[in-house]
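J.: This is my_file-v2.csv, which holds CSV, C-alpha atoms:
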```csv
chain,number,residue,atom,x,y,z
A,1,MET,CA,16.1,234.3,166.6
A,2,THR,CA,18.1,235.8,169.5
A,3,ARG,CA,21.3,234.8,171.0
A,4,ARG,CA,22.3,235.3,174.6
A,5,SER,CA,25.9,236.1,175.6
A,6,THR,CA,27.3,234.1,178.5
A,7,SER,CA,30.0,236.6,179.2
A,8,SER,CA,30.3,237.6,182.8
A,9,ALA,CA,30.7,241.2,182.0
A,10,CYS,CA,27.4,241.8,180.6
A,11,LEU,CA,24.3,240.1,179.6
A,12,CYS,CA,23.7,241.0,176.1
A,13,TYR,CA,21.3,239.9,173.4
A,14,TYR,CA,22.0,240.1,169.6
A,15,VAL,CA,19.1,240.6,167.4
A,16,PRO,CA,19.9,239.7,163.8
A,17,VAL,CA,19.2,242.5,161.4
A,18,PRO,CA,18.4,241.6,157.9
A,19,ARG,CA,20.8,242.8,155.2
A,20,SER,CA,19.6,244.4,152.0
A,21,PHE,CA,21.6,245.1,148.7
A,22,PRO,CA,20.6,247.5,146.0
A,23,VAL,CA,19.5,245.6,142.8
A,24,ARG,CA,19.8,247.4,139.4
A,25,THR,CA,17.0,246.9,137.0
A,26,PRO,CA,18.3,246.1,133.4
A,27,ASP,CA,17.7,248.9,130.9
A,28,PRO,CA,18.2,248.0,127.2
A,29,ALA,CA,18.6,251.6,126.1
A,30,ALA,CA,21.2,252.3,128.8
A,31,ASP,CA,23.1,249.0,128.2
A,32,ARG,CA,23.6,249.7,124.4
A,33,PRO,CA,27.3,250.4,123.4
A,34,ARG,CA,28.1,254.0,122.7
A,35,GLY,CA,28.9,254.8,119.0
A,36,TRP,CA,32.2,256.4,119.8
A,37,THR,CA,33.3,253.3,121.8
A,38,VAL,CA,32.7,251.0,118.7
A,39,GLY,CA,34.5,253.4,116.4
A,40,ALA,CA,37.5,253.6,118.7
A,41,VAL,CA,37.7,249.8,118.9
A,42,ALA,CA,37.5,249.4,115.1
A,43,LEU,CA,40.2,252.1,114.5
A,44,GLY,CA,42.5,250.4,117.0
A,45,GLY,CA,42.0,247.0,115.3
A,46,LEU,CA,42.7,248.5,111.9
A,47,VAL,CA,46.0,250.1,113.1
A,48,ILE,CA,47.1,246.9,114.7
A,49,GLY,CA,46.4,245.0,111.4
A,50,VAL,CA,48.3,247.5,109.3
A,51,VAL,CA,51.3,247.3,111.6
A,52,LEU,CA,51.3,243.5,111.6
A,53,ALA,CA,51.0,243.4,107.8
A,54,ARG,CA,54.0,245.8,107.3
A,55,ALA,CA,56.0,243.8,109.8
A,56,THR,CA,55.3,240.6,107.9
A,57,LEU,CA,56.1,242.1,104.5
A,58,GLU,CA,59.2,244.0,105.4
A,59,GLY,CA,60.8,241.3,107.6
A,60,PRO,CA,62.3,241.6,111.0
A,61,VAL,CA,62.6,245.1,112.3
A,62,GLY,CA,66.2,246.4,112.1
A,63,GLU,CA,67.2,244.3,109.0
A,64,PRO,CA,69.7,246.3,106.9
A,65,GLU,CA,68.4,247.9,103.8
A,66,GLU,CA,71.5,246.7,101.9
A,67,GLU,CA,70.5,243.1,102.2
A,68,THR,CA,67.1,244.0,100.8
A,69,VAL,CA,68.7,245.8,97.8
A,70,ALA,CA,71.1,243.0,97.3
A,71,GLY,CA,68.3,240.5,97.3
A,72,THR,CA,66.4,242.6,94.8
A,73,GLU,CA,69.4,242.8,92.5
A,74,ALA,CA,70.0,239.1,92.9
A,75,GLU,CA,66.4,238.4,92.0
A,76,ALA,CA,66.6,240.8,89.1
A,77,GLU,CA,69.8,239.1,87.8
A,78,THR,CA,68.2,235.7,88.3
A,79,GLY,CA,65.1,236.8,86.4
A,80,THR,CA,67.3,238.3,83.6
A,81,GLU,CA,69.3,235.1,83.3
A,82,ALA,CA,66.1,233.1,83.3
A,83,GLY,CA,64.7,235.4,80.6
A,84,ALA,CA,67.9,235.1,78.6
A,85,GLU,CA,67.7,231.3,78.9
A,86,THR,CA,64.1,231.4,77.8
A,87,VAL,CA,65.0,233.6,74.8
A,88,THR,CA,67.9,231.3,74.0
A,89,GLU,CA,65.7,228.2,74.2
A,90,THR,CA,63.1,229.9,72.0
A,91,VAL,CA,65.8,230.8,69.4
A,92,THR,CA,67.1,227.3,69.6
A,93,VAL,CA,63.7,225.8,69.1
A,94,THR,CA,63.0,228.2,66.2
A,95,GLU,CA,66.3,227.2,64.6
A,96,ALA,CA,65.6,223.6,65.1
A,97,GLY,CA,62.1,224.0,63.6
A,98,ALA,CA,63.6,225.8,60.6
A,99,GLU,CA,66.2,223.0,60.1
A,100,THR,CA,63.4,220.4,60.4
A,101,GLU,CA,61.4,222.2,57.8
A,102,ALA,CA,64.5,222.5,55.5
A,103,VAL,CA,65.1,218.7,55.9
A,104,THR,CA,61.5,218.0,55.3
A,105,GLU,CA,61.5,220.0,52.1
A,106,ALA,CA,64.7,218.3,51.0
A,107,VAL,CA,63.3,214.9,51.6
A,108,THR,CA,60.0,215.8,49.8
A,109,GLU,CA,62.0,217.1,46.8
A,110,ALA,CA,64.1,213.9,46.8
A,111,VAL,CA,61.0,211.7,47.0
A,112,THR,CA,59.4,213.7,44.2
A,113,GLU,CA,62.4,213.3,42.0
A,114,ALA,CA,62.6,209.6,42.8
A,115,GLU,CA,58.9,209.2,41.9
A,116,ALA,CA,59.5,211.2,38.7
A,117,VAL,CA,62.5,209.0,37.8
A,118,THR,CA,60.5,205.9,38.6
A,119,GLU,CA,57.6,207.0,36.4
A,120,ALA,CA,60.1,207.9,33.6
A,121,GLU,CA,61.6,204.5,33.9
A,122,ALA,CA,58.2,202.8,33.9
A,123,VAL,CA,57.2,204.8,30.8
A,124,THR,CA,60.5,203.9,29.2
A,125,GLU,CA,59.9,200.2,30.0
A,126,VAL,CA,56.4,200.5,28.6
A,127,VAL,CA,57.6,202.2,25.4
A,128,ALA,CA,60.4,199.6,25.1
A,129,GLU,CA,57.9,196.8,25.5
A,130,ALA,CA,55.6,198.4,22.9
A,131,VAL,CA,58.5,198.9,20.5
A,132,THR,CA,59.6,195.3,21.0
A,133,GLU,CA,56.0,194.1,20.4
A,134,ALA,CA,55.7,196.4,17.4
A,135,GLU,CA,59.0,195.1,16.0
A,136,ALA,CA,57.9,191.5,16.6
A,137,GLU,CA,54.6,192.2,14.9
A,138,THR,CA,56.5,193.9,12.0
A,139,VAL,CA,58.9,191.0,11.7
A,140,ALA,CA,56.0,188.5,11.9
A,141,GLY,CA,54.0,190.5,9.3
A,142,ALA,CA,57.1,190.7,7.1
A,143,GLU,CA,57.7,187.0,7.3
A,144,ALA,CA,54.0,186.3,6.7
A,145,GLY,CA,54.1,188.7,3.7
A,146,ALA,CA,57.2,187.1,2.4
A,147,ALA,CA,55.7,183.7,2.7
A,148,LEU,CA,52.6,184.9,1.0
A,149,ARG,CA,54.5,186.5,-1.8
A,150,ALA,CA,56.7,183.5,-2.3
A,151,SER,CA,53.6,181.4,-2.7
A,152,ARG,CA,52.1,183.7,-5.3
A,153,ALA,CA,52.8,183.9,-9.0
A,154,VAL,CA,51.9,185.7,-12.2
A,155,ARG,CA,50.5,183.7,-15.1
A,156,LEU,CA,51.2,185.5,-18.4
A,157,GLY,CA,48.6,185.9,-21.0
A,158,ARG,CA,48.6,187.2,-24.5
A,159,VAL,CA,50.9,190.0,-25.8
A,160,ALA,CA,49.3,192.4,-28.4
A,161,TYR,CA,50.5,195.3,-30.4
A,162,LEU,CA,47.4,197.4,-30.5
A,163,ARG,CA,48.7,200.4,-32.4
A,164,CYS,CA,51.9,201.0,-34.4
A,165,ASP,CA,51.1,204.2,-36.3
A,166,GLY,CA,53.8,205.2,-38.9
A,167,ALA,CA,55.7,202.0,-38.4
A,168,GLU,CA,56.6,199.6,-41.2
A,169,GLN,CA,53.8,197.0,-41.2
A,170,ALA,CA,53.8,193.5,-42.5
A,171,ASP,CA,51.0,191.5,-44.2
A,172,GLY,CA,48.9,189.2,-42.1
A,173,PRO,CA,46.7,189.4,-39.0
A,174,PHE,CA,49.5,191.0,-37.0
A,175,PRO,CA,50.8,193.9,-39.1
A,176,CYS,CA,52.8,195.6,-36.4
A,177,PRO,CA,56.4,194.6,-35.9
A,178,ARG,CA,57.5,193.1,-32.6
A,179,ASP,CA,60.1,194.3,-30.2
A,180,ARG,CA,61.4,191.1,-28.4
A,181,ALA,CA,63.5,193.1,-25.9
A,182,LEU,CA,60.6,195.2,-25.0
A,183,GLU,CA,58.4,192.1,-24.4
A,184,ALA,CA,61.1,190.4,-22.2
A,185,ALA,CA,61.5,193.5,-20.0
A,186,ALA,CA,57.8,193.9,-19.6
A,187,ILE,CA,57.3,190.2,-18.7
A,188,ALA,CA,60.1,190.4,-16.1
A,189,ALA,CA,58.3,193.4,-14.5
A,190,LEU,CA,55.0,191.5,-14.4
A,191,GLU,CA,56.6,188.3,-12.9
A,192,ALA,CA,58.1,190.5,-10.1
A,193,LEU,CA,54.6,191.8,-9.1
A,194,PRO,CA,54.0,189.3,-6.2
A,195,ALA,CA,57.3,190.5,-4.6
A,196,CYS,CA,56.1,194.1,-4.5
A,197,PRO,CA,55.2,195.1,-0.8
A,198,ASN,CA,52.1,197.0,-2.1
A,199,ALA,CA,50.8,194.1,-4.3
A,200,PRO,CA,47.1,193.5,-3.8
A,201,PRO,CA,46.3,190.4,-1.6
A,202,GLU,CA,43.5,189.3,-3.8
A,203,SER,CA,43.8,187.3,-7.0
A,204,GLY,CA,42.6,188.3,-10.4
A,205,GLU,CA,43.5,189.2,-14.0
A,206,ALA,CA,44.1,192.6,-15.7
A,207,ASP,CA,45.5,194.2,-18.9
A,208,VAL,CA,48.4,196.6,-18.6
A,209,ARG,CA,49.2,198.8,-21.6
A,210,VAL,CA,52.4,200.7,-22.3
A,211,HIS,CA,52.1,203.8,-24.6
A,212,PHE,CA,55.1,205.1,-26.5
A,213,ALA,CA,55.2,208.4,-28.5
A,214,PRO,CA,58.3,210.3,-29.7
A,215,GLY,CA,59.2,213.2,-27.4
A,216,ARG,CA,56.8,212.2,-24.7
A,217,PRO,CA,57.2,210.1,-21.5
A,218,THR,CA,56.1,206.5,-21.6
A,219,GLU,CA,52.6,206.0,-20.1
A,220,VAL,CA,51.4,202.9,-18.2
A,221,ARG,CA,47.7,202.3,-18.0
A,222,LEU,CA,45.6,199.5,-16.5
A,223,ARG,CA,42.4,198.1,-18.0
A,224,GLY,CA,40.0,195.4,-16.9
A,225,ALA,CA,41.4,194.9,-13.4
A,226,GLY,CA,38.2,193.3,-12.2
A,227,ASP,CA,38.7,192.0,-8.6
A,228,LEU,CA,42.2,193.3,-8.4
A,229,ASP,CA,43.0,196.6,-6.6
A,230,GLY,CA,44.0,198.7,-9.7
A,231,PRO,CA,45.8,201.5,-7.9
A,232,ARG,CA,48.0,199.0,-6.0
A,233,VAL,CA,48.8,197.2,-9.2
A,234,LEU,CA,49.8,200.4,-10.9
A,235,ALA,CA,51.9,201.4,-7.9
A,236,CYS,CA,54.0,198.3,-8.4
A,237,LEU,CA,54.2,198.3,-12.2
A,238,ARG,CA,54.4,202.0,-13.2
A,239,ASP,CA,58.0,202.5,-12.3
A,240,PRO,CA,59.6,199.5,-14.1
A,241,LEU,CA,57.3,199.7,-17.1
A,242,SER,CA,57.7,203.5,-17.6
A,243,ARG,CA,61.5,203.0,-18.1
A,244,LEU,CA,61.0,200.6,-21.1
A,245,THR,CA,62.2,201.7,-24.5
A,246,THR,CA,61.5,200.3,-28.0
A,247,THR,CA,63.3,200.0,-31.3
A,248,ILE,CA,60.1,200.4,-33.3
A,249,ALA,CA,59.9,203.7,-35.1
A,250,ALA,CA,56.3,204.7,-34.8
A,251,GLU,CA,54.4,207.9,-34.2
A,252,GLN,CA,52.3,206.1,-31.6
A,253,LEU,CA,52.9,202.5,-30.3
A,254,VAL,CA,50.6,200.7,-27.8
A,255,VAL,CA,51.6,197.3,-26.4
A,256,SER,CA,49.2,195.3,-24.2
A,257,PHE,CA,50.1,192.6,-21.7
A,258,ARG,CA,47.4,190.4,-20.1
A,259,PHE,CA,48.3,188.6,-16.9
A,260,THR,CA,46.7,186.8,-13.9
A,261,LEU,CA,47.9,187.3,-10.4
A,262,GLU,CA,47.4,184.1,-8.5
```
Spit out the file's structure as structure tokens when you get a sec.
T.:
Amino acid sequence: MTRRSTSSACLCYYVPVPRSFPVRTPDPAADRPRGWTVGAVALGGLVIGVVLARATLEGPVGEPEEETVAGTEAEAETGTEAGAETVTETVTVTEAGAETEAVTEAVTEAVTEAEAVTEAEAVTEVVAEAVTEAEAETVAGAEAGAALRASRAVRLGRVAYLRCDGAEQADGPFPCPRDRALEAAAIAALEALPACPNAPPESGEADVRVHFAPGRPTEVRLRGAGDLDGPRVLACLRDPLSRLTTTIAAEQLVVSFRFTLE
């Protein structure tokens, strides 16, 4: 397309000329960053990071070192005081624990002693009750025995002089002389048999014989006890009958007493 100039000076025509611009073709190998460029950028970033970190840790630039030292000392003193308080609290807790253990041991000992005293008192009470019961049983038994002895009696039988060697003898069926005092003492001993604590509980008859000989102790023997407990009868009669004496002068004298324990 042409344009015509209307100027009076000249008649000119302008012919448009097309414009052209150089265009660069992309090259991946040429557009790749150089190695030294990446290293420089990384080094610069590292330096900036270190500077910022130091500035953050050390505080504002230009702060006096004295304040830092003072702060450190204050923190050290505070830490020391806190440590001392912790140690004091630990010691206090340890002492309190020791006191608690001591109190616990004392209480345990007191409880043990109290239990021992209680057990001893209980044993004493049991023993006292047992003694009381035993005494009651003894009294009851004694009363029953006394009542039984009071209801029993000895029925006397015949009296016989079985031997009177060397004594003056009389004519008749009973040649031996009699000793009335001896007979009375022996009968009294027999009648006291039911009152003897060791008297046999059963009833029965027996023959007790008293042997006299000059220069020898008096002997007491039991014959024909039957249902009676012979050793118990002798235990009751031996002592009183062995003390008997006689006025009959004989080399050997044997007197028999029959009786029945009812």
J.: Counting all atoms listed in the file, what is within 9 Å of Ala192 (chain A), bar same-chain residues fewer than 6 positions away, as a PyMOL selection string?
T.: chain A and resi 153-154+236-237
J.: For a test of reading the model, state the distance in Å between CA of Arg223 (chain A) and CA of Asp171 (chain A), rounded to one decimal.
T.: 28.4 Å
J.: Within 6 Å of (54.7, 188.3, -15.1) (file coordinates; only C-alpha atoms), which protein or nucleic acid residues are there? I'd like them as a ChimeraX atom specification.
T.: /A:154,156,187-188,190-191
J.: What does the structure give for the distance between CA of Leu228 (chain A) and CA of Glu205 (chain A), in Å to one decimal?
T.: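 About the pair CA of Leu228 (chain A) and CA of Glu205 (chain A): they are 7.1 Å apart.
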J.: Any idea what the distance is between CA of Tyr161 (chain A) and CA of Glu202 (chain A)?
T.: 28.2 Å
J.: Do you know which residues are at most 9 Å from Ala181 (chain A) counting only C-alpha atoms, after dropping those on the same chain fewer than 4 positions away, and could you put them as number ranges by chain?
T.: A: 185-186, 245-247
